[in-house]
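Next comes coords_23.csv, with CSV, N, CA and C atoms.
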```
chain,number,residue,atom,x,y,z
L,1,MET,N,6.8,-56.8,47.9
L,1,MET,CA,6.3,-55.4,47.9
L,1,MET,C,7.1,-54.5,46.9
L,2,ILE,N,8.4,-54.7,46.9
L,2,ILE,CA,9.2,-53.9,46.0
L,2,ILE,C,8.8,-54.1,44.6
L,3,GLN,N,8.6,-55.4,44.2
L,3,GLN,CA,8.2,-55.7,42.8
L,3,GLN,C,6.9,-55.0,42.4
L,4,SER,N,6.0,-55.0,43.3
L,4,SER,CA,4.7,-54.3,43.0
L,4,SER,C,4.9,-52.8,42.8
L,5,SER,N,5.7,-52.2,43.6
L,5,SER,CA,5.9,-50.8,43.5
L,5,SER,C,6.6,-50.4,42.2
L,6,ARG,N,7.6,-51.3,41.8
L,6,ARG,CA,8.2,-51.0,40.5
L,6,ARG,C,7.2,-51.2,39.3
L,7,SER,N,6.4,-52.2,39.4
L,7,SER,CA,5.4,-52.4,38.4
L,7,SER,C,4.4,-51.2,38.3
L,8,THR,N,4.0,-50.7,39.4
L,8,THR,CA,3.1,-49.6,39.5
L,8,THR,C,3.7,-48.4,38.9
L,9,ARG,N,5.0,-48.1,39.2
L,9,ARG,CA,5.7,-46.9,38.7
L,9,ARG,C,5.9,-47.1,37.2
L,10,LEU,N,6.2,-48.3,36.7
L,10,LEU,CA,6.4,-48.5,35.3
L,10,LEU,C,5.0,-48.3,34.5
L,11,ALA,N,4.0,-48.8,35.1
L,11,ALA,CA,2.7,-48.7,34.5
L,11,ALA,C,2.3,-47.2,34.4
L,12,TRP,N,2.5,-46.4,35.5
L,12,TRP,CA,2.2,-45.0,35.4
L,12,TRP,C,3.1,-44.3,34.5
L,13,SER,N,4.3,-44.7,34.4
L,13,SER,CA,5.2,-44.1,33.4
L,13,SER,C,4.8,-44.3,32.0
L,14,CYS,N,4.3,-45.5,31.7
L,14,CYS,CA,3.8,-45.8,30.3
L,14,CYS,C,2.5,-45.0,30.0
L,15,VAL,N,1.7,-44.9,31.0
L,15,VAL,CA,0.4,-44.1,30.9
L,15,VAL,C,0.8,-42.7,30.6
L,16,GLY,N,1.7,-42.1,31.4
L,16,GLY,CA,2.1,-40.8,31.2
L,16,GLY,C,2.7,-40.5,29.8
L,17,ARG,N,3.5,-41.4,29.3
L,17,ARG,CA,4.1,-41.2,28.0
L,17,ARG,C,3.0,-41.3,26.9
L,18,ALA,N,2.1,-42.3,27.1
L,18,ALA,CA,1.0,-42.4,26.1
L,18,ALA,C,0.1,-41.2,26.1
L,19,SER,N,-0.1,-40.6,27.3
L,19,SER,CA,-0.9,-39.4,27.4
L,19,SER,C,-0.2,-38.2,26.7
L,20,ILE,N,1.1,-38.1,26.9
L,20,ILE,CA,1.8,-37.0,26.2
L,20,ILE,C,1.8,-37.2,24.7
L,21,ALA,N,2.0,-38.4,24.3
L,21,ALA,CA,2.0,-38.7,22.8
L,21,ALA,C,0.6,-38.4,22.2
L,22,ALA,N,-0.5,-38.8,22.9
L,22,ALA,CA,-1.8,-38.5,22.4
L,22,ALA,C,-2.1,-37.0,22.4
L,23,LEU,N,-1.6,-36.3,23.4
L,23,LEU,CA,-1.8,-34.8,23.4
L,23,LEU,C,-1.0,-34.2,22.3
L,24,ALA,N,0.2,-34.7,22.0
L,24,ALA,CA,1.0,-34.1,20.9
L,24,ALA,C,0.3,-34.3,19.6
L,25,ILE,N,-0.3,-35.5,19.4
L,25,ILE,CA,-1.0,-35.8,18.1
L,25,ILE,C,-2.2,-34.8,18.0
L,26,VAL,N,-2.9,-34.6,19.0
L,26,VAL,CA,-4.1,-33.7,19.0
L,26,VAL,C,-3.7,-32.3,18.7
L,27,LEU,N,-2.6,-31.8,19.3
L,27,LEU,CA,-2.1,-30.5,19.1
L,27,LEU,C,-1.6,-30.3,17.7
L,28,SER,N,-0.9,-31.3,17.2
L,28,SER,CA,-0.3,-31.1,15.9
L,28,SER,C,-1.4,-31.1,14.8
L,29,TYR,N,-2.5,-31.9,15.0
L,29,TYR,CA,-3.6,-31.9,14.1
L,29,TYR,C,-4.3,-30.6,14.1
L,30,GLN,N,-4.4,-30.0,15.3
L,30,GLN,CA,-5.1,-28.6,15.4
L,30,GLN,C,-4.2,-27.6,14.7
L,31,ALA,N,-2.9,-27.7,14.8
L,31,ALA,CA,-2.0,-26.8,14.2
L,31,ALA,C,-2.1,-26.9,12.6
L,32,VAL,N,-2.1,-28.1,12.1
L,32,VAL,CA,-2.2,-28.3,10.7
L,32,VAL,C,-3.6,-27.8,10.2
L,33,ALA,N,-4.6,-28.0,11.0
L,33,ALA,CA,-6.0,-27.6,10.6
L,33,ALA,C,-6.1,-26.1,10.5
L,34,GLN,N,-5.2,-25.4,11.2
L,34,GLN,CA,-5.2,-23.9,11.1
L,34,GLN,C,-4.4,-23.3,10.0
L,35,LEU,N,-3.6,-24.1,9.3
L,35,LEU,CA,-2.7,-23.6,8.2
L,35,LEU,C,-3.6,-23.1,7.1
L,36,LYS,N,-3.3,-21.9,6.5
L,36,LYS,CA,-4.0,-21.4,5.4
L,36,LYS,C,-3.0,-21.0,4.3
L,37,ALA,N,-3.4,-21.2,3.1
L,37,ALA,CA,-2.6,-20.8,1.9
L,37,ALA,C,-2.7,-19.3,1.8
L,38,ILE,N,-1.6,-18.6,1.8
L,38,ILE,CA,-1.6,-17.2,1.6
L,38,ILE,C,-1.1,-16.8,0.2
L,39,GLU,N,-0.5,-17.8,-0.4
L,39,GLU,CA,0.2,-17.5,-1.7
L,39,GLU,C,-0.2,-18.7,-2.7
L,40,LEU,N,-0.4,-18.4,-3.9
L,40,LEU,CA,-0.6,-19.4,-4.9
L,40,LEU,C,0.4,-19.3,-6.0
L,41,ALA,N,0.6,-20.3,-6.9
L,41,ALA,CA,1.6,-20.2,-7.9
L,41,ALA,C,1.1,-20.8,-9.2
L,42,VAL,N,1.7,-20.4,-10.3
L,42,VAL,CA,1.5,-20.9,-11.6
L,42,VAL,C,2.8,-21.2,-12.2
L,43,GLU,N,2.9,-22.4,-12.8
L,43,GLU,CA,4.1,-22.8,-13.6
L,43,GLU,C,3.8,-22.5,-15.0
L,44,THR,N,4.8,-21.9,-15.7
L,44,THR,CA,4.6,-21.5,-17.1
L,44,THR,C,6.0,-21.4,-17.8
L,45,ARG,N,6.0,-21.2,-19.0
L,45,ARG,CA,7.2,-20.8,-19.8
L,45,ARG,C,7.3,-19.3,-19.9
L,46,ALA,N,8.6,-18.9,-20.0
L,46,ALA,CA,8.8,-17.4,-20.1
L,46,ALA,C,8.2,-16.9,-21.4
L,47,ASP,N,8.2,-17.6,-22.5
L,47,ASP,CA,7.6,-17.1,-23.7
L,47,ASP,C,6.1,-17.1,-23.7
L,48,ALA,N,5.5,-17.6,-22.7
L,48,ALA,CA,4.0,-17.7,-22.6
L,48,ALA,C,3.5,-16.7,-21.5
L,49,THR,N,4.4,-15.8,-21.1
L,49,THR,CA,4.1,-14.8,-20.0
L,49,THR,C,4.4,-13.4,-20.5
L,50,VAL,N,3.6,-12.5,-20.2
L,50,VAL,CA,3.8,-11.1,-20.4
L,50,VAL,C,4.3,-10.5,-19.1
L,51,LEU,N,5.6,-10.2,-19.0
L,51,LEU,CA,6.2,-9.7,-17.8
L,51,LEU,C,5.9,-8.3,-17.5
L,52,PRO,N,5.8,-7.9,-16.3
L,52,PRO,CA,5.6,-6.4,-16.0
L,52,PRO,C,6.7,-5.5,-16.5
L,53,SER,N,6.3,-4.3,-16.9
L,53,SER,CA,7.3,-3.4,-17.4
L,53,SER,C,8.0,-2.6,-16.2
L,54,GLY,N,7.4,-2.7,-15.1
L,54,GLY,CA,7.9,-1.9,-13.9
L,54,GLY,C,7.1,-2.3,-12.7
L,55,PRO,N,7.4,-1.6,-11.6
L,55,PRO,CA,6.7,-1.9,-10.3
L,55,PRO,C,5.2,-1.6,-10.3
L,56,SER,N,4.7,-0.7,-11.2
L,56,SER,CA,3.3,-0.4,-11.2
L,56,SER,C,2.6,-1.0,-12.3
L,57,SER,N,3.1,-2.0,-12.9
L,57,SER,CA,2.5,-2.6,-14.1
L,57,SER,C,2.0,-4.0,-13.8
L,58,THR,N,1.6,-4.8,-14.8
L,58,THR,CA,0.9,-6.1,-14.6
L,58,THR,C,1.6,-7.2,-15.3
L,59,LEU,N,1.7,-8.4,-14.7
L,59,LEU,CA,2.1,-9.6,-15.3
L,59,LEU,C,0.9,-10.3,-15.8
L,60,ILE,N,0.9,-10.9,-17.0
L,60,ILE,CA,-0.2,-11.6,-17.5
L,60,ILE,C,0.2,-13.1,-17.8
L,61,VAL,N,-0.5,-14.0,-17.2
L,61,VAL,CA,-0.1,-15.4,-17.4
L,61,VAL,C,-1.4,-16.2,-17.5
L,62,THR,N,-1.4,-17.3,-18.3
L,62,THR,CA,-2.5,-18.2,-18.4
L,62,THR,C,-2.2,-19.4,-17.6
L,63,PRO,N,-2.9,-19.7,-16.5
L,63,PRO,CA,-2.6,-20.8,-15.7
L,63,PRO,C,-2.7,-22.2,-16.3
L,64,CYS,N,-3.6,-22.4,-17.3
L,64,CYS,CA,-3.8,-23.7,-17.9
L,64,CYS,C,-4.4,-23.5,-19.3
L,65,SER,N,-4.3,-24.5,-20.1
L,65,SER,CA,-4.9,-24.5,-21.4
L,65,SER,C,-6.4,-24.4,-21.2
L,66,GLY,N,-7.0,-23.4,-21.9
L,66,GLY,CA,-8.4,-23.1,-21.8
L,66,GLY,C,-8.8,-22.2,-20.6
L,67,CYS,N,-7.9,-21.9,-19.7
L,67,CYS,CA,-8.2,-21.0,-18.6
L,67,CYS,C,-8.1,-19.6,-19.0
L,68,LYS,N,-8.8,-18.7,-18.3
L,68,LYS,CA,-8.7,-17.3,-18.5
L,68,LYS,C,-7.3,-16.8,-18.1
L,69,PRO,N,-6.7,-15.8,-18.8
L,69,PRO,CA,-5.5,-15.3,-18.3
L,69,PRO,C,-5.6,-14.6,-17.0
L,70,LEU,N,-4.6,-14.6,-16.2
L,70,LEU,CA,-4.6,-13.9,-14.9
L,70,LEU,C,-3.8,-12.6,-15.1
L,71,SER,N,-4.3,-11.5,-14.6
L,71,SER,CA,-3.5,-10.3,-14.6
L,71,SER,C,-3.1,-10.0,-13.1
L,72,LEU,N,-1.8,-10.0,-12.9
L,72,LEU,CA,-1.3,-9.9,-11.5
L,72,LEU,C,-0.5,-8.6,-11.4
L,73,PRO,N,-1.0,-7.7,-10.6
L,73,PRO,CA,-0.2,-6.4,-10.5
L,73,PRO,C,1.1,-6.6,-9.7
L,74,ALA,N,2.1,-6.0,-10.3
L,74,ALA,CA,3.5,-6.0,-9.7
L,74,ALA,C,3.5,-4.8,-8.7
L,75,SER,N,4.5,-4.8,-7.8
L,75,SER,CA,4.7,-3.7,-7.0
L,75,SER,C,6.2,-3.6,-6.7
L,76,ALA,N,6.5,-2.6,-5.8
L,76,ALA,CA,7.9,-2.5,-5.4
L,76,ALA,C,8.4,-3.6,-4.6
L,77,ARG,N,7.4,-4.4,-4.0
L,77,ARG,CA,7.7,-5.6,-3.2
L,77,ARG,C,8.0,-6.8,-4.1
L,78,THR,N,7.6,-6.8,-5.3
L,78,THR,CA,7.8,-8.0,-6.2
L,78,THR,C,9.3,-8.3,-6.4
L,79,ARG,N,9.6,-9.6,-6.3
L,79,ARG,CA,11.0,-10.0,-6.4
L,79,ARG,C,11.2,-10.9,-7.6
L,80,TYR,N,12.4,-10.9,-8.2
L,80,TYR,CA,12.7,-11.7,-9.4
L,80,TYR,C,13.9,-12.5,-9.1
L,81,PHE,N,13.9,-13.8,-9.5
L,81,PHE,CA,15.0,-14.7,-9.2
L,81,PHE,C,15.3,-15.6,-10.5
L,82,VAL,N,16.5,-15.9,-10.7
L,82,VAL,CA,16.9,-17.0,-11.6
L,82,VAL,C,17.6,-18.0,-10.6
L,83,GLY,N,16.9,-19.1,-10.4
L,83,GLY,CA,17.4,-20.1,-9.4
L,83,GLY,C,17.2,-19.4,-8.1
L,84,LYS,N,18.3,-19.3,-7.3
L,84,LYS,CA,18.2,-18.6,-6.0
L,84,LYS,C,18.8,-17.2,-6.1
L,85,GLU,N,19.2,-16.8,-7.3
L,85,GLU,CA,19.9,-15.5,-7.4
L,85,GLU,C,18.8,-14.4,-7.6
L,86,PRO,N,18.8,-13.4,-6.7
L,86,PRO,CA,17.8,-12.3,-6.8
L,86,PRO,C,18.4,-11.3,-7.9
L,87,LEU,N,17.4,-10.8,-8.7
L,87,LEU,CA,17.8,-9.9,-9.8
L,87,LEU,C,16.8,-8.7,-9.8
L,88,SER,N,17.3,-7.6,-10.5
L,88,SER,CA,16.4,-6.5,-10.7
L,88,SER,C,15.5,-7.0,-11.9
L,89,LEU,N,14.3,-6.3,-12.1
L,89,LEU,CA,13.4,-6.6,-13.2
L,89,LEU,C,14.2,-6.5,-14.6
L,90,PRO,N,14.9,-5.4,-14.8
L,90,PRO,CA,15.6,-5.3,-16.1
L,90,PRO,C,16.6,-6.5,-16.4
L,91,GLU,N,17.3,-6.8,-15.3
L,91,GLU,CA,18.3,-8.0,-15.5
L,91,GLU,C,17.5,-9.3,-15.7
L,92,PHE,N,16.4,-9.5,-15.0
L,92,PHE,CA,15.6,-10.7,-15.1
L,92,PHE,C,15.1,-10.8,-16.5
L,93,LYS,N,14.6,-9.7,-17.1
L,93,LYS,CA,14.1,-9.7,-18.5
L,93,LYS,C,15.2,-10.0,-19.5
L,94,ARG,N,16.4,-9.4,-19.2
L,94,ARG,CA,17.6,-9.7,-20.1
L,94,ARG,C,17.9,-11.2,-20.1
L,95,ARG,N,17.9,-11.8,-18.9
L,95,ARG,CA,18.2,-13.2,-18.8
L,95,ARG,C,17.2,-14.1,-19.5
L,96,LEU,N,15.9,-13.7,-19.4
L,96,LEU,CA,14.9,-14.5,-20.1
L,96,LEU,C,14.9,-14.3,-21.6
L,97,ALA,N,15.3,-13.1,-22.0
L,97,ALA,CA,15.4,-12.9,-23.5
L,97,ALA,C,16.4,-13.9,-24.1
L,98,ILE,N,17.4,-14.3,-23.4
L,98,ILE,CA,18.4,-15.2,-23.8
L,98,ILE,C,17.8,-16.6,-23.8
L,99,ARG,N,17.0,-16.9,-22.8
L,99,ARG,CA,16.4,-18.3,-22.7
L,99,ARG,C,14.8,-18.1,-22.6
L,100,PRO,N,14.2,-17.9,-23.8
L,100,PRO,CA,12.7,-17.7,-23.8
L,100,PRO,C,11.9,-18.9,-23.4
L,101,THR,N,12.5,-20.1,-23.4
L,101,THR,CA,11.7,-21.3,-23.0
L,101,THR,C,12.0,-21.7,-21.6
L,102,ALA,N,12.7,-20.8,-20.8
L,102,ALA,CA,12.9,-21.1,-19.4
L,102,ALA,C,11.6,-21.3,-18.7
L,103,MET,N,11.6,-22.2,-17.7
L,103,MET,CA,10.4,-22.4,-16.9
L,103,MET,C,10.3,-21.4,-15.8
L,104,LEU,N,9.1,-20.9,-15.6
L,104,LEU,CA,8.9,-19.9,-14.5
L,104,LEU,C,7.9,-20.4,-13.5
L,105,VAL,N,8.1,-20.0,-12.3
L,105,VAL,CA,7.0,-20.2,-11.2
L,105,VAL,C,6.7,-18.8,-10.8
L,106,VAL,N,5.4,-18.5,-11.0
L,106,VAL,CA,4.9,-17.1,-10.7
L,106,VAL,C,4.1,-17.3,-9.4
L,107,PHE,N,4.5,-16.6,-8.4
L,107,PHE,CA,3.8,-16.6,-7.1
L,107,PHE,C,3.0,-15.3,-6.9
L,108,TYR,N,1.8,-15.5,-6.4
L,108,TYR,CA,1.0,-14.3,-6.1
L,108,TYR,C,0.2,-14.5,-4.8
L,109,LEU,N,-0.2,-13.4,-4.2
L,109,LEU,CA,-0.9,-13.5,-3.0
L,109,LEU,C,-2.4,-13.9,-3.3
L,110,LYS,N,-2.9,-14.8,-2.5
L,110,LYS,CA,-4.2,-15.3,-2.7
L,110,LYS,C,-5.3,-14.3,-2.6
L,111,GLU,N,-5.3,-13.5,-1.6
L,111,GLU,CA,-6.4,-12.5,-1.4
L,111,GLU,C,-6.3,-11.4,-2.4
L,112,SER,N,-5.2,-10.7,-2.5
L,112,SER,CA,-5.1,-9.5,-3.3
L,112,SER,C,-4.7,-9.8,-4.8
L,113,LYS,N,-4.2,-11.0,-5.1
L,113,LYS,CA,-3.7,-11.4,-6.4
L,113,LYS,C,-2.5,-10.5,-6.8
L,114,GLU,N,-1.8,-9.9,-5.8
L,114,GLU,CA,-0.6,-9.2,-6.1
L,114,GLU,C,0.6,-10.1,-6.4
L,115,LEU,N,1.3,-9.8,-7.4
L,115,LEU,CA,2.5,-10.6,-7.8
L,115,LEU,C,3.6,-10.4,-6.7
L,116,SER,N,4.0,-11.6,-6.1
L,116,SER,CA,5.0,-11.5,-5.0
L,116,SER,C,6.4,-11.8,-5.5
L,117,ARG,N,6.5,-12.8,-6.4
L,117,ARG,CA,7.8,-13.1,-6.9
L,117,ARG,C,7.7,-14.0,-8.2
L,118,ILE,N,8.7,-14.0,-9.0
L,118,ILE,CA,8.9,-14.9,-10.1
L,118,ILE,C,10.2,-15.6,-10.0
L,119,VAL,N,10.2,-16.9,-10.1
L,119,VAL,CA,11.4,-17.7,-10.1
L,119,VAL,C,11.6,-18.4,-11.4
L,120,ALA,N,12.7,-18.1,-12.1
L,120,ALA,CA,13.0,-18.8,-13.4
L,120,ALA,C,14.0,-19.9,-13.1
L,121,SER,N,13.9,-21.0,-13.8
L,121,SER,CA,14.8,-22.1,-13.7
L,121,SER,C,16.2,-21.6,-14.1
L,122,ALA,N,17.2,-22.1,-13.3
L,122,ALA,CA,18.5,-21.7,-13.6
L,122,ALA,C,19.0,-22.6,-14.8
L,123,PRO,N,20.0,-22.0,-15.6
L,123,PRO,CA,20.5,-22.7,-16.7
L,123,PRO,C,21.2,-24.0,-16.3
```
File written out as structure tokens:
Amino acid sequence: MIQSSRSTRLAWSCVGRASIAALAIVLSYQAVAQLKAIELAVETRADATVLPSGPSSTLIVTPCSGCKPLSLPASARTRYFVGKEPLSLPEFKRRLAIRPTAMLVVFYLKESKELSRIVASAP
């Protein structure tokens, strides 16, 4: 009788673990299904981009060959980086003037098309 009791507990233990695993898979699928892109990005070269002149101006970038240029309004919330180093807009422009072929990733909000940040490749 002891052997049967152990087998029963082991069987229920396996069923419990399998149920928990199945539930975790279902919940993770639902969580992934609810993810939404809130930001989009364009990769470009610095010399192919018109940078904003200030927080109330516009960046102009062409996302691909043959595509229409995008006009992305900058704001006081827009951030500028070289690598991981945050910079002011004037310093960012000064650094890009030295390296006009630097690669940029231009991030903007999907809904409003507001420019959120620009990241230049570090030298």
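With only C-alpha atoms as the atoms that count, the residue of L:Glu114, L:Glu39, L:Asp47, L:Glu91 with the shortest distance to L:Ser71 is L:Glu114.
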Gap from atom C of L:Leu40 to atom CA of L:Pro123 - Å, one decimal: 23.0 Å
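Around the coordinate (4.5, -13.0, -5.1), residues that reach within 8 Å when counting only C-alpha atoms are Glu39, Thr78, Arg79, Val106, Phe107, Tyr108, Leu109, Glu114, Leu115, Ser116, Arg117 and Ile118 of chain L.
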How about saving the chosen residues, N, CA and C atoms kept, as an mmCIF file, in the frame of the given file?
```
data_model
loop_
_atom_site.group_PDB
_atom_site.id
_atom_site.type_symbol
_atom_site.label_atom_id
_atom_site.label_comp_id
_atom_site.auth_asym_id
_atom_site.auth_seq_id
_atom_site.Cartn_x
_atom_site.Cartn_y
_atom_site.Cartn_z
ATOM 1 N N GLU L 39 -0.500 -17.800 -0.400
ATOM 2 C CA GLU L 39 0.200 -17.500 -1.700
ATOM 3 C C GLU L 39 -0.200 -18.700 -2.700
ATOM 4 N N THR L 78 7.600 -6.800 -5.300
ATOM 5 C CA THR L 78 7.800 -8.000 -6.200
ATOM 6 C C THR L 78 9.300 -8.300 -6.400
ATOM 7 N N ARG L 79 9.600 -9.600 -6.300
ATOM 8 C CA ARG L 79 11.000 -10.000 -6.400
ATOM 9 C C ARG L 79 11.200 -10.900 -7.600
ATOM 10 N N VAL L 106 5.400 -18.500 -11.000
ATOM 11 C CA VAL L 106 4.900 -17.100 -10.700
ATOM 12 C C VAL L 106 4.100 -17.300 -9.400
ATOM 13 N N PHE L 107 4.500 -16.600 -8.400
ATOM 14 C CA PHE L 107 3.800 -16.600 -7.100
ATOM 15 C C PHE L 107 3.000 -15.300 -6.900
ATOM 16 N N TYR L 108 1.800 -15.500 -6.400
ATOM 17 C CA TYR L 108 1.000 -14.300 -6.100
ATOM 18 C C TYR L 108 0.200 -14.500 -4.800
ATOM 19 N N LEU L 109 -0.200 -13.400 -4.200
ATOM 20 C CA LEU L 109 -0.900 -13.500 -3.000
ATOM 21 C C LEU L 109 -2.400 -13.900 -3.300
ATOM 22 N N GLU L 114 -1.800 -9.900 -5.800
ATOM 23 C CA GLU L 114 -0.600 -9.200 -6.100
ATOM 24 C C GLU L 114 0.600 -10.100 -6.400
ATOM 25 N N LEU L 115 1.300 -9.800 -7.400
ATOM 26 C CA LEU L 115 2.500 -10.600 -7.800
ATOM 27 C C LEU L 115 3.600 -10.400 -6.700
ATOM 28 N N SER L 116 4.000 -11.600 -6.100
ATOM 29 C CA SER L 116 5.000 -11.500 -5.000
ATOM 30 C C SER L 116 6.400 -11.800 -5.500
ATOM 31 N N ARG L 117 6.500 -12.800 -6.400
ATOM 32 C CA ARG L 117 7.800 -13.100 -6.900
ATOM 33 C C ARG L 117 7.700 -14.000 -8.200
ATOM 34 N N ILE L 118 8.700 -14.000 -9.000
ATOM 35 C CA ILE L 118 8.900 -14.900 -10.100
ATOM 36 C C ILE L 118 10.200 -15.600 -10.000
#
```
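For L:Thr58, the list of residues within 6.5 Å, based on all atoms listed in the file and with local chain neighbours fewer than 5 positions off taken out, reads L:Val50, L:Leu51, L:Pro52, L:Ser53, L:Ser71, L:Leu72, L:Pro73, L:Ala74.
Distance-wise, atom C of L:Phe92 and atom CA of L:Ala120 end up 8.8 Å apart.
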Could you pull the residues within 7 Å of L:Ala48, counting all atoms listed in the file, minus those fewer than 3 positions along the same chain, as a PyMOL selection string? chain L and resi 44-45+60-62+100
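Residues surrounding L:Ser121 within 6 Å are Val82, Gly83, Ala102, Met103 and Leu104 of chain L [only N, CA and C atoms; sequence separation below 3 positions excluded].
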Would you save the residues of that selection, restricted to N, CA and C atoms, as a compact mmCIF listing (two decimals), keeping the file's coordinate frame?
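The resulting file, again.txt, is shown below:
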```txt
# COMPACT_ATOMS: atom_id res chain seq x y z
N VAL L 82 16.50 -15.90 -10.70
CA VAL L 82 16.90 -17.00 -11.60
C VAL L 82 17.60 -18.00 -10.60
N GLY L 83 16.90 -19.10 -10.40
CA GLY L 83 17.40 -20.10 -9.40
C GLY L 83 17.20 -19.40 -8.10
N ALA L 102 12.70 -20.80 -20.80
CA ALA L 102 12.90 -21.10 -19.40
C ALA L 102 11.60 -21.30 -18.70
N MET L 103 11.60 -22.20 -17.70
CA MET L 103 10.40 -22.40 -16.90
C MET L 103 10.30 -21.40 -15.80
N LEU L 104 9.10 -20.90 -15.60
CA LEU L 104 8.90 -19.90 -14.50
C LEU L 104 7.90 -20.40 -13.50
```
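Proximity to L:Pro63 was assessed for L:Leu35, L:Leu96, L:Ala41, L:Ser88 counting all atoms listed in the file; the smallest distance is recorded for L:Ala41.
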